[in-house]
Amino acid sequence: MDKKVILIAEDDSRVGESLRLLLKKKGHEAVLAPNGKEALQLLRHDAVDLVITDVVMPKMDGIELLEAVKGLRPETEVIVISAQGTIEKAVQAMKLGAFDFIEKPINPRVITLLVERALEKQTLILQNRDLRSKLEDKFHFKNVIGRSEKMVKIFELIRHIAPYDSSVLIIGESGTGKELIANAIHYNSPRASMAFIKVSCASLSEGIIESELFGHEKGAFTGAIASRKGRFELAHQGTLFLDEVEDIPPATQIKLLRVLQEGEFERAGGNKTIRINIRIIAASNRDLQEAVKEGRFREDLYYRLNVVNIKLPPLRDRKDDIPFLVHFFIEKYNRKYHMKVKGVSQKAMNLLTDYEWTGNVRELENTLESILVINNPEAVDVQHLPPEIRDSKQKLEVIPIKIGTPLEEVEKEILMETLRMTKGNKRKAAQLLGINVRTIHRKIEGLEGFDEASRASNGAKAKRVAKSRTR
Ligand SMILES: Nc1ncnc2c1ncn2[C@@H]1O[C@H](COP(=O)(O)OP(=O)(O)OP(=O)(O)O)[C@@H](O)[C@H]1O
Ligand SMILES: [Mg+2]
């Protein structure tokens with residue numbers, strides 16, 4: 001075990017010194033300060049595990065020191081030494097959060113025991129906190145899956161901006177994880193232990209959104225039988241998540257702007273100005289710039305919200321993430337439903353990866369949940385996939401080739417069209433064509449000699465004739 005550091009505040013140097021020696025003999029590091037003020041100075045600079053303080057001291061007494069310690073480092077335990085006639089003070093100290101008190105003259109056996117108990121309690125608290133922060137990590141960031149370059153960049157950005165209070169605007173299609181990211185930012189910020197309050201702006205009608213956001217006073221309108229705090233007040237010192245922010249009506253946008261600029265507002269029907277300290281994270285499915293251009297969204301508000309901009313790419317633009325998400329969700333639902341689904345066959349995984357996922361991660365998650373619940377398979381295979389996914393690969397693209405076409409030309413056509421289908425991914429094209437990557441590179445080099453005009457016309461032709469056949 002590490003040496004524990006104990007700070008002794010005692011103006012009677014004889015008592016202090018003998019206590020210091022005693023604790024040293026017990027294997028601790030003990031430092032002596034002649035009064036509360038100097039003790040506090042030491043405490044500011046060094047990590048101290050335990051404070052033992054006399055009550056009556058010049059400059060700053062033991063009670064004041066106790067209060068200061070609890071304010072500065074609440075987890076630090078404090079043992080109070082009371083002399084005769086200061087027992088009332090000792091009682092007061094207990095109320096202020098002292099671990100225990102001991103009366104003078106100090107009995108070595110009693111103080112040793114108290115010290116051990118206090119240190120033990122402190123170790124437990126720290127272990128607990130460590131555990132809790134690990135859990136929070138797990139639940140608020142580690143559960144955001146993303147290995148694609150795009151997502152890794154976004155995670156870096158989040159780590160970078162989370163500690164600051166600046167507003168964040170998250171843009172992404174439905175189901176891309178906007179709310180998850182908003183959560184991650186909050187739980188990785190210094191506001192993590194305060195409230196995270198969500199407002200779905202689209203679900204609130206124009207009539208009630210203001211009272212929801214800003215609260216109201218009793219009698220502000222018919223039905224306002226009691227005054228009520230709005231979400232802004234509830235989020236005080238924490239984070240307010242404005243989901244579907246583009247749906248905030250214009251009149252409310254002005255008030256929102258004022259809160260963002262000045263940190264203050266009034267409840268509906270009230271005239272007391274309320275000051276708050278919040279961080280705003282807003283999210284939208286659509287690019288807000290469009291709404292600004294169309295005059296539906298105030299430009300000044302847009303700039304206030306858009307201090308940090310996070311664009312979440314749709315799942316189809318980060319297919320590398322799909323296998324990781326698939327495994328993550330299988331694990332998740334295995335746990336939830338007490339199943340032991342092992343994984344996904346290669347064929348099924350290919351289909352899952354190729355699918356367009358217009359509903360993004362949410363659609364992928366729901367699909368896997370329903371596969372598990374309906375089939376509880378040993379491993380997910382092609383037959384478990386819903387038809388639209390199973391059949392998507394069978395939409396084979398076809399190039400009609402005239403009988404008698406020179407083989408060289410056939411090869412060129414098939415190579416170019418395959419590359420088009422894989423969006424230029426040579427490795428994938430090579431895989432589909434059953435050749436190795438080096439060969440495809442060599443063949444493409446050959447194509448480069450191919451003149452641009454014929455390539456373009458080939459492309460156009462392919463578009464004209466490409467047909468999709470559903471099984
Ligand atoms: N990167 C990810 N890793 C793990 N789960 C994810 C990820 N992205 C999204 N999800 C999951 O997908 C579901 C949808 O995510 P979320 O609600 O955050 O999306 P959204 O962008 O807010 O969607 P909407 O615009 O429809 O409100 C949630 O269950 C979420 O946990
Ligand atoms: Mg959402």
# chains A, B, ... in the order shown; residues from 1 in each chain; ligands from 1
>>> residues_near_ligand(ligand="ligand 1", cutoff="9 Å", atoms="only C-alpha atoms and all ligand atoms", output="PyMOL selection string")
chain A and resi 142-146+151+170-183+200+243-244+283-285+312+315+321+324-325+328-329+359-366
>>> write_last_selection(atoms="N, CA and C atoms", output="compact mmCIF listing (two decimals), in the first residue's frame")
# COMPACT_ATOMS: atom_id res chain seq x y z
N LYS A 142 -18.00 4.68 -24.37
CA LYS A 142 -17.57 3.42 -24.95
C LYS A 142 -18.72 2.72 -25.67
N ASN A 143 -19.95 3.13 -25.35
CA ASN A 143 -21.07 2.49 -26.05
C ASN A 143 -21.39 3.19 -27.37
N VAL A 144 -20.58 4.16 -27.71
CA VAL A 144 -20.71 4.77 -29.03
C VAL A 144 -19.69 4.08 -29.91
N ILE A 145 -20.20 3.24 -30.81
CA ILE A 145 -19.29 2.44 -31.62
C ILE A 145 -18.92 3.18 -32.89
N GLY A 146 -17.67 3.11 -33.26
CA GLY A 146 -17.24 3.74 -34.50
C GLY A 146 -15.77 3.52 -34.73
N MET A 151 -15.80 8.46 -38.03
CA MET A 151 -16.27 8.45 -36.65
C MET A 151 -15.12 8.70 -35.67
N ILE A 170 -25.40 19.41 -33.67
CA ILE A 170 -25.16 18.10 -34.28
C ILE A 170 -26.15 17.90 -35.42
N ILE A 171 -25.61 17.67 -36.61
CA ILE A 171 -26.47 17.47 -37.77
C ILE A 171 -26.29 16.03 -38.26
N GLY A 172 -27.38 15.38 -38.53
CA GLY A 172 -27.28 14.02 -39.07
C GLY A 172 -28.66 13.47 -39.35
N GLU A 173 -28.71 12.55 -40.32
CA GLU A 173 -29.99 11.92 -40.65
C GLU A 173 -30.56 11.22 -39.42
N SER A 174 -31.82 10.88 -39.52
CA SER A 174 -32.47 10.19 -38.42
C SER A 174 -31.76 8.86 -38.13
N GLY A 175 -31.51 8.61 -36.86
CA GLY A 175 -30.93 7.32 -36.47
C GLY A 175 -29.41 7.25 -36.57
N THR A 176 -28.75 8.38 -36.80
CA THR A 176 -27.28 8.34 -36.92
C THR A 176 -26.59 8.44 -35.57
N GLY A 177 -27.36 8.71 -34.51
CA GLY A 177 -26.75 8.72 -33.18
C GLY A 177 -26.57 10.11 -32.59
N LYS A 178 -27.40 11.06 -33.00
CA LYS A 178 -27.24 12.43 -32.51
C LYS A 178 -27.43 12.51 -31.00
N GLU A 179 -28.46 11.83 -30.52
CA GLU A 179 -28.72 11.89 -29.08
C GLU A 179 -27.61 11.20 -28.29
N LEU A 180 -27.13 10.12 -28.85
CA LEU A 180 -26.04 9.38 -28.21
C LEU A 180 -24.79 10.28 -28.08
N ILE A 181 -24.51 11.01 -29.13
CA ILE A 181 -23.35 11.90 -29.13
C ILE A 181 -23.56 13.04 -28.14
N ALA A 182 -24.78 13.57 -28.10
CA ALA A 182 -25.07 14.65 -27.14
C ALA A 182 -24.81 14.16 -25.72
N ASN A 183 -25.26 12.94 -25.44
CA ASN A 183 -25.01 12.32 -24.14
C ASN A 183 -23.52 12.21 -23.86
N SER A 200 -37.68 17.76 -26.93
CA SER A 200 -37.97 17.46 -28.33
C SER A 200 -38.79 18.59 -28.89
N ASP A 243 -33.47 18.96 -29.14
CA ASP A 243 -33.56 18.03 -30.27
C ASP A 243 -34.53 18.61 -31.30
N GLU A 244 -34.26 18.35 -32.55
CA GLU A 244 -35.08 18.86 -33.65
C GLU A 244 -35.28 20.37 -33.54
N ALA A 283 -29.68 19.60 -31.94
CA ALA A 283 -29.55 18.60 -33.00
C ALA A 283 -30.61 18.83 -34.05
N SER A 284 -30.28 18.45 -35.26
CA SER A 284 -31.24 18.59 -36.35
C SER A 284 -30.99 17.53 -37.42
N ASN A 285 -32.07 17.09 -38.04
CA ASN A 285 -31.96 16.09 -39.12
C ASN A 285 -31.48 16.74 -40.40
N LEU A 312 -22.79 14.12 -38.39
CA LEU A 312 -22.73 12.66 -38.29
C LEU A 312 -23.05 12.06 -39.66
N LEU A 315 -25.00 6.01 -42.15
CA LEU A 315 -24.30 4.73 -42.00
C LEU A 315 -23.76 4.22 -43.33
N ASP A 321 -18.01 0.63 -40.20
CA ASP A 321 -18.53 0.53 -38.84
C ASP A 321 -19.53 -0.61 -38.67
N PHE A 324 -18.72 -3.86 -36.67
CA PHE A 324 -18.54 -3.59 -35.24
C PHE A 324 -19.88 -3.32 -34.56
N LEU A 325 -20.72 -2.58 -35.27
CA LEU A 325 -22.06 -2.30 -34.71
C LEU A 325 -22.85 -3.59 -34.58
N PHE A 328 -21.68 -5.43 -31.63
CA PHE A 328 -22.07 -4.70 -30.43
C PHE A 328 -23.55 -4.96 -30.10
N PHE A 329 -24.40 -4.91 -31.12
CA PHE A 329 -25.83 -5.10 -30.86
C PHE A 329 -26.15 -6.56 -30.52
N GLY A 359 -32.49 4.04 -42.53
CA GLY A 359 -32.81 4.40 -41.14
C GLY A 359 -31.57 4.38 -40.25
N ASN A 360 -30.41 4.23 -40.89
CA ASN A 360 -29.12 4.31 -40.20
C ASN A 360 -28.98 3.33 -39.03
N VAL A 361 -28.23 3.75 -37.99
CA VAL A 361 -27.90 2.81 -36.92
C VAL A 361 -29.16 2.29 -36.22
N ARG A 362 -30.16 3.16 -36.11
CA ARG A 362 -31.38 2.70 -35.45
C ARG A 362 -32.00 1.52 -36.19
N GLU A 363 -32.04 1.63 -37.51
CA GLU A 363 -32.61 0.54 -38.32
C GLU A 363 -31.78 -0.74 -38.18
N LEU A 364 -30.47 -0.57 -38.17
CA LEU A 364 -29.60 -1.74 -38.01
C LEU A 364 -29.84 -2.39 -36.65
N GLU A 365 -29.94 -1.57 -35.63
CA GLU A 365 -30.16 -2.10 -34.28
C GLU A 365 -31.50 -2.83 -34.19
N ASN A 366 -32.55 -2.19 -34.70
CA ASN A 366 -33.87 -2.82 -34.65
C ASN A 366 -33.90 -4.12 -35.43
>>> residues_around(residues="Lys95 of chain A", least_positions_apart="5", cutoff="12 Å", atoms="only C-alpha atoms", output="list in words")
Ile63, Leu66, Glu67, Lys70, Val80, Glu88, Lys89, Ala90, Asp100 and Phe101 of chain A
>>> write_last_selection(atoms="N, CA and C atoms", output="PDB file, in the first residue's frame")
ATOM      1  N   ILE A  63     -12.356  24.462  13.283  1.00  0.00           N
ATOM      2  CA  ILE A  63     -13.667  24.397  12.629  1.00  0.00           C
ATOM      3  C   ILE A  63     -13.619  25.054  11.253  1.00  0.00           C
ATOM      4  N   LEU A  66     -11.792  22.781   8.965  1.00  0.00           N
ATOM      5  CA  LEU A  66     -12.662  21.682   8.551  1.00  0.00           C
ATOM      6  C   LEU A  66     -13.579  22.107   7.410  1.00  0.00           C
ATOM      7  N   GLU A  67     -14.177  23.278   7.566  1.00  0.00           N
ATOM      8  CA  GLU A  67     -15.081  23.759   6.521  1.00  0.00           C
ATOM      9  C   GLU A  67     -14.344  23.968   5.206  1.00  0.00           C
ATOM     10  N   LYS A  70     -13.546  20.586   3.582  1.00  0.00           N
ATOM     11  CA  LYS A  70     -14.729  19.968   2.980  1.00  0.00           C
ATOM     12  C   LYS A  70     -15.141  20.681   1.698  1.00  0.00           C
ATOM     13  N   VAL A  80     -10.967  15.613  14.530  1.00  0.00           N
ATOM     14  CA  VAL A  80     -10.830  16.826  15.334  1.00  0.00           C
ATOM     15  C   VAL A  80     -10.347  16.475  16.743  1.00  0.00           C
ATOM     16  N   GLU A  88     -18.308  21.251  22.831  1.00  0.00           N
ATOM     17  CA  GLU A  88     -19.390  21.770  21.980  1.00  0.00           C
ATOM     18  C   GLU A  88     -18.916  21.966  20.558  1.00  0.00           C
ATOM     19  N   LYS A  89     -17.699  22.477  20.480  1.00  0.00           N
ATOM     20  CA  LYS A  89     -17.087  22.687  19.157  1.00  0.00           C
ATOM     21  C   LYS A  89     -16.933  21.351  18.431  1.00  0.00           C
ATOM     22  N   ALA A  90     -16.589  20.327  19.195  1.00  0.00           N
ATOM     23  CA  ALA A  90     -16.408  19.004  18.590  1.00  0.00           C
ATOM     24  C   ALA A  90     -17.725  18.505  18.008  1.00  0.00           C
ATOM     25  N   ASP A 100     -14.479  12.041  13.048  1.00  0.00           N
ATOM     26  CA  ASP A 100     -14.676  11.738  14.461  1.00  0.00           C
ATOM     27  C   ASP A 100     -13.905  12.760  15.270  1.00  0.00           C
ATOM     28  N   PHE A 101     -14.071  12.743  16.586  1.00  0.00           N
ATOM     29  CA  PHE A 101     -13.214  13.615  17.381  1.00  0.00           C
ATOM     30  C   PHE A 101     -12.604  12.836  18.522  1.00  0.00           C
TER      31      PHE A 101
END
>>> residues_around(residues="Leu114 of chain A", least_positions_apart="2", cutoff="9 Å", atoms="only C-alpha atoms", output="NGL selection string")
:A and (79 or 99-102 or 109-112 or 116-119)
>>> write_last_selection(atoms="N, CA and C atoms", output="tab-separated table (two decimals), in the first residue's frame")
chain	number	residue	atom	x	y	z
A	79	ILE	N	-10.18	14.48	11.34
A	79	ILE	CA	-10.38	14.10	12.74
A	79	ILE	C	-10.08	15.32	13.60
A	99	PHE	N	-14.83	13.29	10.58
A	99	PHE	CA	-14.93	11.84	10.67
A	99	PHE	C	-15.21	11.41	12.11
A	100	ASP	N	-14.48	12.04	13.05
A	100	ASP	CA	-14.68	11.74	14.46
A	100	ASP	C	-13.90	12.76	15.27
A	101	PHE	N	-14.07	12.74	16.59
A	101	PHE	CA	-13.21	13.62	17.38
A	101	PHE	C	-12.60	12.84	18.52
A	102	ILE	N	-11.50	13.36	19.03
A	102	ILE	CA	-10.80	12.70	20.13
A	102	ILE	C	-10.42	13.78	21.14
A	109	ARG	N	-3.42	4.68	21.42
A	109	ARG	CA	-4.13	3.54	20.86
A	109	ARG	C	-5.41	3.99	20.16
A	110	VAL	N	-6.12	4.93	20.80
A	110	VAL	CA	-7.39	5.42	20.24
A	110	VAL	C	-7.15	6.18	18.93
A	111	ILE	N	-6.15	7.06	18.95
A	111	ILE	CA	-5.93	7.85	17.72
A	111	ILE	C	-5.46	6.95	16.57
A	112	THR	N	-4.63	5.94	16.89
A	112	THR	CA	-4.17	5.04	15.83
A	112	THR	C	-5.36	4.33	15.18
A	116	GLU	N	-6.68	4.69	11.26
A	116	GLU	CA	-6.82	3.55	10.35
A	116	GLU	C	-8.24	3.49	9.76
A	117	ARG	N	-9.22	3.72	10.62
A	117	ARG	CA	-10.60	3.65	10.13
A	117	ARG	C	-10.90	4.74	9.11
A	118	ALA	N	-10.39	5.93	9.39
A	118	ALA	CA	-10.64	7.05	8.47
A	118	ALA	C	-9.98	6.78	7.11
A	119	LEU	N	-8.76	6.26	7.15
A	119	LEU	CA	-8.04	5.99	5.90
A	119	LEU	C	-8.73	4.89	5.11
>>> atom_distance(atom1="atom CA of Gly215 of chain A", atom2="atom CA of Pro163 of chain A")
28.3 Å
>>> residues_around(residues="Thr273 of chain A", least_positions_apart="6", cutoff="12 Å", atoms="only C-alpha atoms", output="PyMOL selection string")
chain A and resi 214+233+258-259+262-267
>>> write_last_selection(atoms="N, CA, C and O atoms", output="PDB file, in the first residue's frame")
ATOM      1  N   PHE A 214     -39.395  27.747 -20.624  1.00  0.00           N
ATOM      2  CA  PHE A 214     -39.102  28.815 -19.661  1.00  0.00           C
ATOM      3  C   PHE A 214     -39.900  28.714 -18.368  1.00  0.00           C
ATOM      4  O   PHE A 214     -39.665  29.469 -17.437  1.00  0.00           O
ATOM      5  N   GLU A 233     -34.561  26.038 -16.480  1.00  0.00           N
ATOM      6  CA  GLU A 233     -34.235  26.078 -15.054  1.00  0.00           C
ATOM      7  C   GLU A 233     -33.801  24.705 -14.558  1.00  0.00           C
ATOM      8  O   GLU A 233     -32.892  24.577 -13.749  1.00  0.00           O
ATOM      9  N   ARG A 258     -31.917  35.171 -26.623  1.00  0.00           N
ATOM     10  CA  ARG A 258     -31.600  35.994 -25.454  1.00  0.00           C
ATOM     11  C   ARG A 258     -30.981  35.136 -24.341  1.00  0.00           C
ATOM     12  O   ARG A 258     -30.024  35.545 -23.692  1.00  0.00           O
ATOM     13  N   VAL A 259     -31.541  33.955 -24.127  1.00  0.00           N
ATOM     14  CA  VAL A 259     -30.966  33.091 -23.092  1.00  0.00           C
ATOM     15  C   VAL A 259     -29.519  32.751 -23.439  1.00  0.00           C
ATOM     16  O   VAL A 259     -28.639  32.761 -22.587  1.00  0.00           O
ATOM     17  N   GLU A 262     -27.447  36.146 -23.037  1.00  0.00           N
ATOM     18  CA  GLU A 262     -27.366  36.803 -21.737  1.00  0.00           C
ATOM     19  C   GLU A 262     -27.544  35.866 -20.558  1.00  0.00           C
ATOM     20  O   GLU A 262     -27.349  36.250 -19.408  1.00  0.00           O
ATOM     21  N   GLY A 263     -27.931  34.636 -20.832  1.00  0.00           N
ATOM     22  CA  GLY A 263     -28.108  33.682 -19.748  1.00  0.00           C
ATOM     23  C   GLY A 263     -29.288  34.022 -18.848  1.00  0.00           C
ATOM     24  O   GLY A 263     -29.300  33.649 -17.682  1.00  0.00           O
ATOM     25  N   GLU A 264     -30.264  34.752 -19.367  1.00  0.00           N
ATOM     26  CA  GLU A 264     -31.405  35.073 -18.511  1.00  0.00           C
ATOM     27  C   GLU A 264     -32.723  35.105 -19.269  1.00  0.00           C
ATOM     28  O   GLU A 264     -32.762  35.249 -20.482  1.00  0.00           O
ATOM     29  N   PHE A 265     -33.811  34.958 -18.520  1.00  0.00           N
ATOM     30  CA  PHE A 265     -35.148  34.951 -19.107  1.00  0.00           C
ATOM     31  C   PHE A 265     -36.156  35.125 -17.985  1.00  0.00           C
ATOM     32  O   PHE A 265     -35.787  35.182 -16.808  1.00  0.00           O
ATOM     33  N   GLU A 266     -37.438  35.242 -18.354  1.00  0.00           N
ATOM     34  CA  GLU A 266     -38.494  35.286 -17.351  1.00  0.00           C
ATOM     35  C   GLU A 266     -39.449  34.137 -17.607  1.00  0.00           C
ATOM     36  O   GLU A 266     -39.648  33.731 -18.747  1.00  0.00           O
ATOM     37  N   ARG A 267     -40.036  33.623 -16.540  1.00  0.00           N
ATOM     38  CA  ARG A 267     -41.094  32.622 -16.726  1.00  0.00           C
ATOM     39  C   ARG A 267     -42.305  33.292 -17.359  1.00  0.00           C
ATOM     40  O   ARG A 267     -42.504  34.495 -17.195  1.00  0.00           O
TER      41      ARG A 267
END
>>> select_by_dssp(residues="segment 4-111 of chain A", states="strand (DSSP E)", output="PyMOL selection string")
chain A and resi 5-9+29-33+50-54+77-82+100-103
>>> atom_distance(atom1="atom CA of Ile414 of chain A", atom2="atom CA of Ala348 of chain A")
25.4 Å
>>> atom_distance(atom1="atom CA of Lys340 of chain A", atom2="atom CA of Asp381 of chain A")
14.6 Å
>>> select_by_dssp(residues="segment 171-337 of chain A", states="alpha helix (DSSP H)", output="number ranges by chain")
A: 178-187, 206-214, 231-234, 250-262, 288-293, 299-305, 321-337
>>> closest_residue(among="A:Ser211, A:Ser13, A:Ser203, A:Thr439", to="ligand 2", atoms="only C-alpha atoms and all ligand atoms")
A:Ser203
>>> residues_around(residues="Gln346 of chain A", least_positions_apart="3", cutoff="12 Å", atoms="only C-alpha atoms", output="JSON, numbers by chain")
{"A": [323, 343, 349, 350, 351, 352, 353, 379, 380, 381, 382]}
>>> closest_residue(among="A:Pro249, A:Arg228, A:Leu257, A:Cys201", to="ligand 2", atoms="only C-alpha atoms and all ligand atoms")
A:Cys201
>>> residues_around(residues="Ile81 of chain A", least_positions_apart="2", cutoff="12 Å", atoms="only C-alpha atoms", output="PyMOL selection string")
chain A and resi 8-12+15-16+19+51-57+61-63+66+78-79+83-87+89-91+93-94+98-107+110-111+114
>>> closest_residue(among="A:Met416, A:Met60, A:Leu447, A:Val152", to="Asp320 of chain A", atoms="only C-alpha atoms")
A:Val152
>>> closest_residue(among="A:Pro400, A:Ile322, A:Lys426, A:Lys198", to="ligand 2", atoms="only C-alpha atoms and all ligand atoms")
A:Lys198
>>> closest_residue(among="A:Leu242, A:Ala251, A:Val373, A:Glu331", to="ligand 2", atoms="only C-alpha atoms and all ligand atoms")
A:Leu242
>>> closest_residue(among="A:Leu157, A:Ile435, A:Val398, A:Val199", to="ligand 2", atoms="only C-alpha atoms and all ligand atoms")
A:Val199
>>> residues_around(residues="Ala68 of chain A", least_positions_apart="3", cutoff="10 Å", atoms="only C-alpha atoms", output="ChimeraX atom specification")
/A:36-37,40,43,62-65,71-74
>>> decode(residues="segment 208-226 of chain A", atoms="N, CA and C atoms", output="PDB file, in the first residue's frame")
ATOM      1  N   ILE A 208     -47.422  25.448 -26.232  1.00  0.00           N
ATOM      2  CA  ILE A 208     -46.859  25.039 -24.943  1.00  0.00           C
ATOM      3  C   ILE A 208     -45.329  25.066 -24.869  1.00  0.00           C
ATOM      4  N   ILE A 209     -44.705  25.277 -26.023  1.00  0.00           N
ATOM      5  CA  ILE A 209     -43.248  25.178 -26.004  1.00  0.00           C
ATOM      6  C   ILE A 209     -42.605  26.208 -25.069  1.00  0.00           C
ATOM      7  N   GLU A 210     -43.172  27.417 -25.036  1.00  0.00           N
ATOM      8  CA  GLU A 210     -42.543  28.441 -24.198  1.00  0.00           C
ATOM      9  C   GLU A 210     -42.655  28.117 -22.732  1.00  0.00           C
ATOM     10  N   SER A 211     -43.827  27.623 -22.351  1.00  0.00           N
ATOM     11  CA  SER A 211     -43.960  27.301 -20.937  1.00  0.00           C
ATOM     12  C   SER A 211     -43.117  26.078 -20.581  1.00  0.00           C
ATOM     13  N   GLU A 212     -42.942  25.169 -21.546  1.00  0.00           N
ATOM     14  CA  GLU A 212     -42.055  24.029 -21.322  1.00  0.00           C
ATOM     15  C   GLU A 212     -40.611  24.478 -21.129  1.00  0.00           C
ATOM     16  N   LEU A 213     -40.182  25.390 -22.001  1.00  0.00           N
ATOM     17  CA  LEU A 213     -38.790  25.830 -21.950  1.00  0.00           C
ATOM     18  C   LEU A 213     -38.526  26.769 -20.781  1.00  0.00           C
ATOM     19  N   PHE A 214     -39.395  27.747 -20.624  1.00  0.00           N
ATOM     20  CA  PHE A 214     -39.102  28.815 -19.661  1.00  0.00           C
ATOM     21  C   PHE A 214     -39.900  28.714 -18.368  1.00  0.00           C
ATOM     22  N   GLY A 215     -40.875  27.813 -18.330  1.00  0.00           N
ATOM     23  CA  GLY A 215     -41.699  27.691 -17.135  1.00  0.00           C
ATOM     24  C   GLY A 215     -42.771  28.773 -17.082  1.00  0.00           C
ATOM     25  N   HIS A 216     -43.618  28.710 -16.067  1.00  0.00           N
ATOM     26  CA  HIS A 216     -44.631  29.751 -15.943  1.00  0.00           C
ATOM     27  C   HIS A 216     -44.950  30.009 -14.484  1.00  0.00           C
ATOM     28  N   GLU A 217     -45.544  31.163 -14.259  1.00  0.00           N
ATOM     29  CA  GLU A 217     -45.992  31.499 -12.911  1.00  0.00           C
ATOM     30  C   GLU A 217     -47.447  31.086 -12.772  1.00  0.00           C
ATOM     31  N   LYS A 218     -47.829  30.885 -11.549  1.00  0.00           N
ATOM     32  CA  LYS A 218     -49.226  30.566 -11.256  1.00  0.00           C
ATOM     33  C   LYS A 218     -50.141  31.625 -11.878  1.00  0.00           C
ATOM     34  N   GLY A 219     -51.170  31.178 -12.584  1.00  0.00           N
ATOM     35  CA  GLY A 219     -52.127  32.099 -13.167  1.00  0.00           C
ATOM     36  C   GLY A 219     -51.684  32.745 -14.461  1.00  0.00           C
ATOM     37  N   ALA A 220     -50.562  32.301 -15.012  1.00  0.00           N
ATOM     38  CA  ALA A 220     -50.066  32.896 -16.254  1.00  0.00           C
ATOM     39  C   ALA A 220     -51.059  32.672 -17.397  1.00  0.00           C
ATOM     40  N   PHE A 221     -51.777  31.568 -17.337  1.00  0.00           N
ATOM     41  CA  PHE A 221     -52.814  31.287 -18.329  1.00  0.00           C
ATOM     42  C   PHE A 221     -53.815  30.357 -17.668  1.00  0.00           C
ATOM     43  N   THR A 222     -54.961  30.171 -18.299  1.00  0.00           N
ATOM     44  CA  THR A 222     -55.943  29.286 -17.686  1.00  0.00           C
ATOM     45  C   THR A 222     -55.328  27.898 -17.581  1.00  0.00           C
ATOM     46  N   GLY A 223     -55.456  27.307 -16.440  1.00  0.00           N
ATOM     47  CA  GLY A 223     -54.861  25.986 -16.266  1.00  0.00           C
ATOM     48  C   GLY A 223     -53.518  26.039 -15.554  1.00  0.00           C
ATOM     49  N   ALA A 224     -52.936  27.231 -15.457  1.00  0.00           N
ATOM     50  CA  ALA A 224     -51.663  27.345 -14.735  1.00  0.00           C
ATOM     51  C   ALA A 224     -51.966  27.491 -13.250  1.00  0.00           C
ATOM     52  N   ILE A 225     -52.300  26.356 -12.627  1.00  0.00           N
ATOM     53  CA  ILE A 225     -52.747  26.443 -11.236  1.00  0.00           C
ATOM     54  C   ILE A 225     -51.579  26.562 -10.258  1.00  0.00           C
ATOM     55  N   ALA A 226     -50.408  26.246 -10.735  1.00  0.00           N
ATOM     56  CA  ALA A 226     -49.238  26.431  -9.870  1.00  0.00           C
ATOM     57  C   ALA A 226     -48.091  26.900 -10.742  1.00  0.00           C
TER      58      ALA A 226
END
